[in-house]
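Report on the following structure.
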Amino acid sequence: MSTTGAPPHPAPPPGPGYGYDVHRIDPRAPGRIGEGAPPQGRRRRPWLRWVLVGLSFLALALSALALYFLVILPLGAGTSLVAFTAALVPVAIVLLAVWWLDRYTPQPRLSLVYAFAWGAIGSVALTFVIGGAFTTWISPSEPDELTATFLGAVVQAPVVEEAMKSAGLLGLLIWGRRYIAGPLDGVVYAALIAGGFAFTENILYFGQSFHQAQAAGEVAVFWQTFFLRGILSPFAHVSFTALCGLGLGLAAERRSLMLYFGLGIGGLSLGMVLHALWNGSTFFLPVDPEDPLAGFLRYYASVQVPIFLLLVAIVLFLRLREKRILRRQLSEYGRSGWFAPSEVTMLVSMRRRRRAEKWAARYGAVSRIAMRDLIRASVALGMERHSVLFARPTRLTRERERELLETITADRRLLGSLTAPVVRR
């Protein structure tokens with residue numbers, strides 16, 4: 001085994017609380033809530049969670065089949081292929097942005113897949129089921145064509161679509177608060193759900209536009225739709241749903257039932273308003289027959305772009321906030337003896353994390369996996385502690401901290417056994 005090169009972080013400290021008894025100073029100090037035997041209480045049933053997960057994905061699979069046979073298949077094989085290919089462009093942009101946001105405090109992959117699947121399948125299927133009935137309910141007895149179109153685009157679509165997308169966020173909260181533990185988590189999951197919804201919706205819009213282009217013998221109809229939906233507005237649905245995710249994430253961070261209702265409904269309502277503003281622009285903007293896009297582009301630049309830039313600024317602030325939180329909480333664990341100062345520096349820096357994984361990879365794939373697992377567990381530990389500080393520690397938070405600390409300890413031992421030289425020189 002190679003002995004050249006030093007690890008990017010020092011050996012682990014002798015043990016938690018090394019140097020002084022931090023627990024005598026702060027009864028809620030790091031490691032305190034994980035001490036001792038677990039309290040007696042209701043036994044956990046992990047199999048029940050996996051059964052619910054399996055049933056959820058089965059329901060999504062059945063919904064996907066229904067959407068394919070009832071909605072996608074009637075478009076025709078050629079049209080569906082063209083629409084699907086075109087829809088890959090905006091969803092790729094969204095997924096790239098989500099990857100960048102999520103990589104600092106990565107979420108479980110299964111929950112990320114669920115979020116996208118719910119948006120692309122579950123929320124779309126429920127929108128088809130509920131949307132028509134809702135439009136009938138809000139419409140007058142004999143609406144004219146313009147009234148029906150207006151109510152469908154400006155009232156029904158924002159209310160039903162945003163409610164169905166946000167239902168996926170509620171599902172994640174029901175499964176476990178660890179999935180949405182802060183505002184950036186809520187934004188990440190909301191963006192995936194919205195990106196999935198927009199992906200399916202774009203397939204339908206691009207397919208219909210392609211049919212119109214074929215009927216008119218003019219391809220400009222299709223390219224105009226692709227430009228408006230695929231290039232100018234890939235983040236439209238993301239912006240609307242992210243507000244609900246942001247509200248639920250803030251409430252989850254503070255573990256407040258009142259905030260769940262207040263911020264969740266507030267974010268959902270604001271998302272509906274922005275959605276209605278976006279859809280309603282086509283009814284209020286003046287149209288120049290010689291240049292029909294000019295009015296919309298002026299509205300887009302003066303209204304939608306500033307709103308989008310404001311949301312981007314909020315997300316960037318949340319990303320920087322997570323870095324400060326992680327440094328502060330892991331430093332607390334460091335003062336208790338769990339991490340060395342250089343380890344904290346490594347864990348809060350994406351560049352240093354990559355260097356640590358690269359160093360571990362020199363000793364084999366298992367060593368690299370252990371380093372990656374140690375980094376993820378340490379990041380989750382810091383974010384969990386930040387959330388615990390807003391509320392009274394519970395049995396679940398004690399178990400979660402104990403689980404993460406045990407994972408970190410096991411990964412340390414594995415790394416030590418794999419990277420220690422066999423023969424000292």
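Just so we're on the same page: first chain in the structure tokens is A, next is B, and so on; residues restart at 1 for each chain, and ligands are numbered from 1 in the order they show up.
Residues surrounding segment 55-63 of chain A within 9 Å are A:Trp50, A:Val51, A:Leu52, A:Ala66, A:Leu67, A:Tyr68, A:Tyr114, A:Ala117, A:Trp118, A:Ile121, A:Gly122, A:Ala125 [only C-alpha atoms; sequence separation below 3 positions excluded].
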Residue with smallest distance to Thr127 of chain A - pool A:Val303, A:Leu112, A:Ala163, A:Leu418, counting only C-alpha atoms: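 For Thr127 of chain A, the nearest of the candidates is A:Ala163.
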Applying 7 Å and only C-alpha atoms, which residues near segment 274-285 of chain A remain after dropping the ones on its own chain fewer than 3 positions away? List them as a PDB file with C-alpha atoms, in the first residue's frame.
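Dumped everything to part_1.pdb:
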ATOM      1  CA  ALA A 153     -55.682  29.701 -17.786  1.00  0.00           C
ATOM      2  CA  VAL A 154     -55.761  32.351 -15.049  1.00  0.00           C
ATOM      3  CA  VAL A 155     -57.775  30.643 -12.292  1.00  0.00           C
ATOM      4  CA  PRO A 158     -52.632  28.262 -11.128  1.00  0.00           C
ATOM      5  CA  PHE A 240     -43.982  29.288  -8.684  1.00  0.00           C
ATOM      6  CA  LEU A 270     -47.959  33.620  -3.729  1.00  0.00           C
ATOM      7  CA  GLY A 271     -46.963  30.946  -6.224  1.00  0.00           C
ATOM      8  CA  GLY A 295     -45.337  43.056 -26.444  1.00  0.00           C
ATOM      9  CA  PHE A 296     -44.719  39.803 -24.644  1.00  0.00           C
TER      10      PHE A 296
END
Spatial neighbours of Phe222 of chain A, 6 Å, only C-alpha atoms, chain gap at least 2 places, as a PyMOL selection string: chain A and resi 209-210+213+219-220+224-225
Enumerate the residues of segment 208-324 of chain A with a DSSP assignment of alpha helix (DSSP H), computed from the backbone, and present them as a ChimeraX atom specification. /A:208-216,220-226,236-254,257-284,292-299,305-324
At a cut-off of 8 Å, using only C-alpha atoms, what residues contact segment 165-178 of chain A? Leave out same-chain residues fewer than 5 positions from it and give the result as number ranges by chain. A: 49, 111, 115, 118-119, 123, 186, 189-190, 193-194, 197, 241, 244-245, 252, 268
Quick one: everything within 9 Å of Leu326 of chain A, counting only C-alpha atoms, minus sequence neighbours fewer than 5 positions away in the same chain. Send it as a PyMOL selection string. chain A and resi 321+331+344+347-348+379+381-383+386
Would you output that residue set with N, CA and C atoms, as an mmCIF file, in the first residue's frame?
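File written: result_17.cif
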data_model
loop_
_atom_site.group_PDB
_atom_site.id
_atom_site.type_symbol
_atom_site.label_atom_id
_atom_site.label_comp_id
_atom_site.auth_asym_id
_atom_site.auth_seq_id
_atom_site.Cartn_x
_atom_site.Cartn_y
_atom_site.Cartn_z
ATOM 1 N N ARG A 321 -25.954 30.783 3.275
ATOM 2 C CA ARG A 321 -26.404 30.596 4.654
ATOM 3 C C ARG A 321 -26.125 29.171 5.123
ATOM 4 N N SER A 331 -18.160 23.284 13.971
ATOM 5 C CA SER A 331 -17.168 23.823 14.906
ATOM 6 C C SER A 331 -17.566 23.515 16.340
ATOM 7 N N VAL A 344 -13.092 20.461 9.853
ATOM 8 C CA VAL A 344 -14.226 21.367 9.665
ATOM 9 C C VAL A 344 -14.018 22.202 8.409
ATOM 10 N N LEU A 347 -14.771 20.069 5.441
ATOM 11 C CA LEU A 347 -16.175 19.710 5.268
ATOM 12 C C LEU A 347 -17.033 20.858 4.745
ATOM 13 N N VAL A 348 -16.646 22.098 4.977
ATOM 14 C CA VAL A 348 -17.459 23.234 4.520
ATOM 15 C C VAL A 348 -17.033 23.721 3.145
ATOM 16 N N VAL A 379 -22.102 16.395 7.118
ATOM 17 C CA VAL A 379 -22.939 17.502 6.666
ATOM 18 C C VAL A 379 -24.352 17.368 7.229
ATOM 19 N N LEU A 381 -25.196 15.833 9.913
ATOM 20 C CA LEU A 381 -25.114 16.048 11.353
ATOM 21 C C LEU A 381 -25.172 17.533 11.688
ATOM 22 N N GLY A 382 -24.394 18.341 10.965
ATOM 23 C CA GLY A 382 -24.392 19.783 11.222
ATOM 24 C C GLY A 382 -25.731 20.423 10.954
ATOM 25 N N MET A 383 -26.394 20.041 9.851
ATOM 26 C CA MET A 383 -27.681 20.629 9.525
ATOM 27 C C MET A 383 -28.767 20.164 10.490
ATOM 28 N N HIS A 386 -28.481 22.194 13.703
ATOM 29 C CA HIS A 386 -29.024 23.543 13.530
ATOM 30 C C HIS A 386 -30.534 23.531 13.692
#
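Among the candidates A:Val113, A:Ala380, A:Leu414, A:Leu65, the one nearest to Gly364 of chain A when counting only C-alpha atoms is A:Leu414.
In this structure, atom CA of Thr85 of chain A sits 14.1 Å away from atom CA of Phe227 of chain A.
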